[in-house]
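**Student:** One structure follows; several queries about it will come next.
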Amino acid sequence: MNQKYIYLVALAHFFCDIAMGALPALLPFFILYYDMDYSAVTGFMFASSFLSSLVQPTFGWLADRTSKTWLMPLGIFLAGVSMGLTGLIKDYWVIFAFVTASGIGSAIFHPEAARMVNKLSGIKRGTALSIFSVGGNGGFAIGPMIAVAAVTAFGMQGTIVFSFLAVIMSVALLIIGPKMKEEIAKNSLSNDSVKSAVSKNKQAKNDWTSFARLTLIIAFSSVVVCGLRSFIPLYLVKTIGLSTTAAGSALTVLFMFGVVTTLIGGFLADKIGYLKVVQLSYWLLAPMIAILSQTTNAYMCFLLMIPIGFAMFSPFSSVVVLGQNYLAKNIGFASGVTLGLYFSIGGVFVPLIGKFADIYGLPKTMELLTFFALLAALCTFILPKPLAEDVHEI
């Protein structure tokens with residue numbers, strides 16, 4: 001495993017996902033400054049997802065056929081600069097367009113980055129993927145913190161900080177990307193273990209039925225993840241009575257713990273298996289959200305971020321590995337779907353959940369998310385167990 005470049009791609013993943021992580025924390029500020037309702041602000045979650053849900057698998061399919069390292073800096077640039085511009089204008093549909101562009105940028109980045117991690121990992125794919133995932137989860141954790149601090153200090157114009165961060169990272173990655181590609185080409189010619197892996201990949205088969213079942217779980221869980229990202233700050237403001245700043249910090253707690261639990265989930269997967277981690281995590285998630293929906297105490301809400309964060313993020317690496325195992329001949333496409341849809345496809349349904357919240361209130365909305373979490377948990381039992389030897393190789 002080429003640790004230097006693995007950590008670089010993980011850092012790039014961090015800079016890409018701080019923009020997406022910031023969006024939910026910005027929703028209460030759009031309500032505060034622009035007097036929007038739940039349906040309007042959750043429309044931004046839809047904007048970040050509806051095209052990226054299609055773009056990301058497409059770029060994953062392309063990544064299986066050709067390597068374009070410049071897609072990574074392009075994705076970071078588009079994701080961060082577009083998000084940074086959202087606070088500079090007040091027109092709803094212009095903001096909607098910028099958020100859409102940010103989501104597309106994120107979708108462009110992930111498949112090529114996952115493919116690079118796969119190539120740089122040698123035979124330690126699980127370890128490399130965990131490091132890469134930690135970078136993204138760290139971005140989702142720090143993004144709300146940066147958003148709240150910037151908007152609190154400078155007003156909505158403070159979002160421009162995301163543009164500056166994106167430019168810095170994209171330029172650095174644009175310079176280093178060709179060297180990374182040369183390193184991969186050199187190692188692929190000299191590393192016997194990689195040659196062996198390539199030989200086995202030629203004999204591998206795709207199990208589309210199992211992958212379709214996994215995608216169904218991803219879809220249900222994505223509704224939960226995107227719903228929680230959107231409504232936890234709103235729930236803490238409207239139901240618990242916290243300030244927008246304090247409510248935004250709940251997302252930081254959630255995703256900070258997600259950084260840790262991504263690694264814990266990888267460790268557990270090595271001990272008990274990827275499929276068991278997925279099953280246990282989703283069966284924990286549903287009751288924790290149910291408890292949150294009945295909670296009116298701020299301290300209890302923040303405490304619940306710990307088990308909810310564990311249940312949300314511990315299966316992340318396992319889901320990606322299972323996807324790569326089921327589609328062993330199309331790792332780029334599998335990565336594009338599993339990495340991308342987990343945080344995006346649910347956003348397509350968030351506006352509908354926003355309308356539900358306008359009608360029935362936020363506690364009932366949390367109960368609705370509990371229902372989707374239960375559906376994801378039930379679907380884990382229709383997943384077939386991968387061959388042990390394939391899973392250990394991945």
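Residue numbering restarts at 1 for every chain of the structure tokens, chains are lettered A, B, ... in their displayed order, and ligands are numbered from 1 as they appear.
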Taking 4 positions as the minimum chain separation for residues in the same chain, which residues sit within 6 Å of region 370-372 of chain A when counting only C-alpha atoms? Answer as a ChimeraX atom specification.

**Tutor:** /A:220,286,289-290

**Student:** Those residues you just picked out, can you put them in a file as a PDB file, in the first residue's frame with N, CA and C atoms?

**Tutor:**
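The file below, part_20.pdb, is the result:
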```
ATOM      1  N   PHE A 220     -32.649   2.959   0.983  1.00  0.00           N
ATOM      2  CA  PHE A 220     -33.405   3.196   2.225  1.00  0.00           C
ATOM      3  C   PHE A 220     -32.544   3.911   3.264  1.00  0.00           C
ATOM      4  N   ALA A 286     -32.436   2.026  13.787  1.00  0.00           N
ATOM      5  CA  ALA A 286     -33.880   2.279  13.872  1.00  0.00           C
ATOM      6  C   ALA A 286     -34.342   2.640  15.280  1.00  0.00           C
ATOM      7  N   ILE A 289     -33.135   6.249  16.400  1.00  0.00           N
ATOM      8  CA  ILE A 289     -33.886   7.370  15.821  1.00  0.00           C
ATOM      9  C   ILE A 289     -35.257   7.462  16.458  1.00  0.00           C
ATOM     10  N   ALA A 290     -35.849   6.312  16.775  1.00  0.00           N
ATOM     11  CA  ALA A 290     -37.152   6.304  17.447  1.00  0.00           C
ATOM     12  C   ALA A 290     -37.071   7.020  18.795  1.00  0.00           C
TER      13      ALA A 290
END
```

**Student:** Can you tell me, as a VMD selection string, what residues are no more than 9 Å from Trp283 (chain A) when counting only C-alpha atoms, ignoring any on the same chain fewer than 6 positions away?

**Tutor:** chain A and resid 311 373 to 374 376 to 378

**Student:** What lies within 7 Å of Thr239 (chain A) using only C-alpha atoms, ignoring chain neighbours under 3 positions off, as a PyMOL selection string?

**Tutor:** chain A and resi 235-236+296

**Student:** Could those residues be written to a file, using N, CA and C atoms, as a PDB file, in the first residue's frame?

**Tutor:**
```
ATOM      1  N   TYR A 235     -34.579  20.247  13.897  1.00  0.00           N
ATOM      2  CA  TYR A 235     -35.255  19.646  15.056  1.00  0.00           C
ATOM      3  C   TYR A 235     -34.756  20.281  16.354  1.00  0.00           C
ATOM      4  N   LEU A 236     -33.448  20.479  16.453  1.00  0.00           N
ATOM      5  CA  LEU A 236     -32.878  21.063  17.665  1.00  0.00           C
ATOM      6  C   LEU A 236     -33.258  22.532  17.830  1.00  0.00           C
ATOM      7  N   THR A 296     -37.059  15.528  24.044  1.00  0.00           N
ATOM      8  CA  THR A 296     -37.150  16.990  24.044  1.00  0.00           C
ATOM      9  C   THR A 296     -36.039  17.620  24.882  1.00  0.00           C
TER      10      THR A 296
END
```

**Student:** Enumerate, in order of chain and increasing residue number, the residues of region 278-382 of chain A with an atom no farther than 9 Å from region 97-121 of chain A, each with its shortest atom pair and distance in Å to one decimal, counting only C-alpha atoms, as CSV.

**Tutor:**
```
residue,atom,partner,partner_atom,distance
A:Ile331,CA,A:Arg115,CA,7.4
A:Gly332,CA,A:Arg115,CA,5.6
A:Phe333,CA,A:Pro111,CA,7.3
A:Ala334,CA,A:Pro111,CA,8.8
A:Ser335,CA,A:Pro111,CA,6.1
A:Gly336,CA,A:Pro111,CA,4.7
A:Val337,CA,A:Pro111,CA,8.5
A:Leu339,CA,A:His110,CA,7.1
A:Gly340,CA,A:Ala107,CA,6.6
A:Ser344,CA,A:Gly103,CA,8.4
```

**Student:** Next, dump the selected residues to file, keeping only C-alpha atoms, as a compact mmCIF listing (two decimals), in the first residue's frame.

**Tutor:**
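Resulting contents of selection_0.txt:
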```
# COMPACT_ATOMS: atom_id res chain seq x y z
CA ILE A 331 -14.99 -1.97 -9.09
CA GLY A 332 -15.22 1.62 -10.33
CA PHE A 333 -18.95 1.35 -11.00
CA ALA A 334 -19.52 -0.45 -7.68
CA SER A 335 -17.60 2.27 -5.85
CA GLY A 336 -19.50 5.01 -7.67
CA VAL A 337 -22.84 3.55 -6.59
CA LEU A 339 -19.92 5.68 -2.18
CA GLY A 340 -22.18 8.07 -4.03
CA SER A 344 -27.00 11.41 -2.27
```

**Student:** Go through A:Phe211, A:Arg229, A:Ala149, A:Tyr92 and flag the residue nearest Leu23 (chain A), using only C-alpha atoms for the distances.

**Tutor:**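 Nearest to Leu23 (chain A): A:Arg229.
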
**Student:** When you look at Ile176 (chain A) with a cut-off of 10 Å (counting only C-alpha atoms), what residues show up, excluding the ones that are within fewer than 5 positions of it in the same chain? I need them as an NGL selection string.

**Tutor:** :A and (5 or 8 or 69-70 or 170-171 or 181)

**Student:** Next, write the just-selected residues to a file, as a CSV table (one decimal), in the first residue's frame, keeping N, CA and C atoms as the atom set.

**Tutor:**
```
chain,number,residue,atom,x,y,z
A,5,TYR,N,0.3,8.4,-0.9
A,5,TYR,CA,-0.7,8.8,-1.9
A,5,TYR,C,-2.1,8.4,-1.4
A,8,LEU,N,-3.0,11.2,0.8
A,8,LEU,CA,-3.3,12.4,-0.1
A,8,LEU,C,-4.7,12.4,-0.6
A,69,THR,N,-7.1,11.4,-13.9
A,69,THR,CA,-6.8,11.9,-12.6
A,69,THR,C,-7.3,13.4,-12.4
A,70,TRP,N,-7.4,14.1,-13.5
A,70,TRP,CA,-7.8,15.5,-13.4
A,70,TRP,C,-9.3,15.7,-13.0
A,170,SER,N,-7.6,21.8,-5.0
A,170,SER,CA,-7.7,21.4,-6.4
A,170,SER,C,-6.5,21.7,-7.1
A,171,VAL,N,-5.9,22.9,-6.8
A,171,VAL,CA,-4.6,23.2,-7.5
A,171,VAL,C,-3.5,22.2,-7.1
A,181,LYS,N,-0.3,9.0,-10.8
A,181,LYS,CA,-0.6,8.1,-11.9
A,181,LYS,C,0.7,7.4,-12.3
```

**Student:** Could you tell me how far CA of Ser130 (chain A) sits from CA of Lys271 (chain A), in Å to one decimal place?

**Tutor:**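 Pair CA of Lys271 (chain A) / CA of Ser130 (chain A) returns 15.1 Å.
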
**Student:** Would you mind listing what lies within 12 Å of Pro28 (chain A) as a ChimeraX atom specification, with only C-alpha atoms counted and same-chain residues fewer than 6 positions away left out?

**Tutor:** /A:22,34-38,40-42,44,144,147-148,151-152,156,229-238,242-248

**Student:** Could those residues be written to a file, using N, CA and C atoms, as a tab-separated table (two decimals), in the first residue's frame?

**Tutor:**
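Full text of part_3.tsv as output:
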```
chain	number	residue	atom	x	y	z
A	22	ALA	N	-21.34	20.88	4.88
A	22	ALA	CA	-21.76	22.20	5.35
A	22	ALA	C	-23.22	22.49	5.05
A	34	TYR	N	-33.45	34.33	5.27
A	34	TYR	CA	-34.29	34.48	4.07
A	34	TYR	C	-35.74	34.08	4.30
A	35	ASP	N	-36.09	33.71	5.54
A	35	ASP	CA	-37.46	33.38	5.90
A	35	ASP	C	-38.05	32.27	5.03
A	36	MET	N	-37.27	31.23	4.79
A	36	MET	CA	-37.73	30.08	4.00
A	36	MET	C	-38.43	29.08	4.92
A	37	ASP	N	-39.27	28.23	4.35
A	37	ASP	CA	-39.91	27.17	5.13
A	37	ASP	C	-39.14	25.86	4.94
A	38	TYR	N	-39.62	24.78	5.58
A	38	TYR	CA	-38.91	23.49	5.51
A	38	TYR	C	-38.85	22.96	4.08
A	40	ALA	N	-38.79	24.59	1.33
A	40	ALA	CA	-37.84	25.36	0.52
A	40	ALA	C	-36.40	24.95	0.81
A	41	VAL	N	-36.03	24.90	2.09
A	41	VAL	CA	-34.63	24.61	2.41
A	41	VAL	C	-34.27	23.16	2.11
A	42	THR	N	-35.22	22.25	2.32
A	42	THR	CA	-34.91	20.86	1.97
A	42	THR	C	-34.83	20.67	0.47
A	44	PHE	N	-32.89	22.34	-1.23
A	44	PHE	CA	-31.45	22.41	-1.48
A	44	PHE	C	-30.79	21.04	-1.31
A	144	PRO	N	-19.84	21.39	8.83
A	144	PRO	CA	-20.80	22.18	9.61
A	144	PRO	C	-20.12	23.18	10.54
A	147	ALA	N	-18.99	26.10	8.49
A	147	ALA	CA	-20.15	26.86	8.03
A	147	ALA	C	-20.72	27.73	9.14
A	148	VAL	N	-20.91	27.14	10.31
A	148	VAL	CA	-21.48	27.88	11.44
A	148	VAL	C	-20.55	29.02	11.86
A	151	VAL	N	-20.51	31.83	8.97
A	151	VAL	CA	-21.75	32.61	8.85
A	151	VAL	C	-22.00	33.41	10.11
A	152	THR	N	-21.67	32.87	11.27
A	152	THR	CA	-21.83	33.61	12.52
A	152	THR	C	-20.94	34.85	12.53
A	156	MET	N	-24.09	35.57	5.83
A	156	MET	CA	-24.16	34.55	4.78
A	156	MET	C	-22.99	34.63	3.80
A	229	ARG	N	-29.30	14.38	8.34
A	229	ARG	CA	-28.44	15.53	8.07
A	229	ARG	C	-29.27	16.80	7.91
A	230	SER	N	-30.44	16.69	7.29
A	230	SER	CA	-31.26	17.86	7.01
A	230	SER	C	-32.04	18.32	8.24
A	231	PHE	N	-32.57	17.37	9.01
A	231	PHE	CA	-33.56	17.72	10.03
A	231	PHE	C	-33.04	17.74	11.46
A	232	ILE	N	-31.87	17.17	11.72
A	232	ILE	CA	-31.34	17.26	13.08
A	232	ILE	C	-31.13	18.72	13.51
A	233	PRO	N	-30.47	19.57	12.68
A	233	PRO	CA	-30.35	20.98	13.10
A	233	PRO	C	-31.71	21.66	13.26
A	234	LEU	N	-32.62	21.41	12.31
A	234	LEU	CA	-33.94	22.03	12.38
A	234	LEU	C	-34.71	21.54	13.60
A	235	TYR	N	-34.58	20.25	13.90
A	235	TYR	CA	-35.25	19.65	15.06
A	235	TYR	C	-34.76	20.28	16.35
A	236	LEU	N	-33.45	20.48	16.45
A	236	LEU	CA	-32.88	21.06	17.67
A	236	LEU	C	-33.26	22.53	17.83
A	237	VAL	N	-33.46	23.23	16.70
A	237	VAL	CA	-33.84	24.65	16.78
A	237	VAL	C	-35.32	24.79	17.13
A	238	LYS	N	-36.18	24.09	16.39
A	238	LYS	CA	-37.62	24.29	16.52
A	238	LYS	C	-38.24	23.51	17.68
A	242	LEU	N	-32.77	25.25	20.72
A	242	LEU	CA	-31.37	25.66	20.68
A	242	LEU	C	-31.16	26.73	19.62
A	243	SER	N	-30.04	27.42	19.70
A	243	SER	CA	-29.67	28.39	18.68
A	243	SER	C	-29.21	27.66	17.42
A	244	THR	N	-29.16	28.39	16.31
A	244	THR	CA	-28.68	27.77	15.07
A	244	THR	C	-27.23	27.32	15.20
A	245	THR	N	-26.44	28.05	15.96
A	245	THR	CA	-25.03	27.68	16.16
A	245	THR	C	-24.93	26.37	16.93
A	246	ALA	N	-25.66	26.25	18.02
A	246	ALA	CA	-25.63	25.02	18.82
A	246	ALA	C	-26.18	23.85	18.04
A	247	ALA	N	-27.23	24.08	17.26
A	247	ALA	CA	-27.83	23.01	16.48
A	247	ALA	C	-26.87	22.50	15.42
A	248	GLY	N	-26.13	23.41	14.80
A	248	GLY	CA	-25.15	23.00	13.80
A	248	GLY	C	-24.04	22.15	14.41
```

**Student:** Per residue of region 150-256 of chain A within 12 Å of region 49-55 of chain A, note the shortest atom pair and the distance in Å to one decimal, counting only C-alpha atoms, and order the rows by chain and increasing residue number, as JSON lines.

**Tutor:**
```
{"residue": "A:Ile218", "atom": "CA", "partner": "A:Ser53", "partner_atom": "CA", "distance": 11.9}
{"residue": "A:Ala219", "atom": "CA", "partner": "A:Ser53", "partner_atom": "CA", "distance": 10.6}
{"residue": "A:Ser222", "atom": "CA", "partner": "A:Ser49", "partner_atom": "CA", "distance": 10.7}
{"residue": "A:Val223", "atom": "CA", "partner": "A:Ser49", "partner_atom": "CA", "distance": 11.2}
{"residue": "A:Cys226", "atom": "CA", "partner": "A:Ser49", "partner_atom": "CA", "distance": 9.6}
```

**Student:** Choose the residue, out of A:Met305, A:Leu11, A:Leu74, A:Val277, that has the smallest atom-to-atom separation from Gly136 (chain A); count only C-alpha atoms.

**Tutor:**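 Using only C-alpha atoms, Gly136 (chain A) sits closest to A:Leu11.
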
**Student:** I want to know what sits within 10 Å of Lys90 (chain A), based on only C-alpha atoms, with residues of the same chain fewer than 2 positions away left out; could you give that as number ranges by chain?

**Tutor:** A: 30, 33-34, 86-88, 92-95, 156

**Student:** What is the CA of Met20 (chain A)-CA of Ile76 (chain A) distance in Å, reported with one decimal?

**Tutor:**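 Between these atoms lies a distance of 10.8 Å.
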
**Student:** Residues within 9 Å of Gly43 (chain A), please, as a PyMOL selection string. Count only C-alpha atoms; anything in the same chain fewer than 5 positions from it doesn't count.

**Tutor:** chain A and resi 38+48+96+347-348+350-352+354
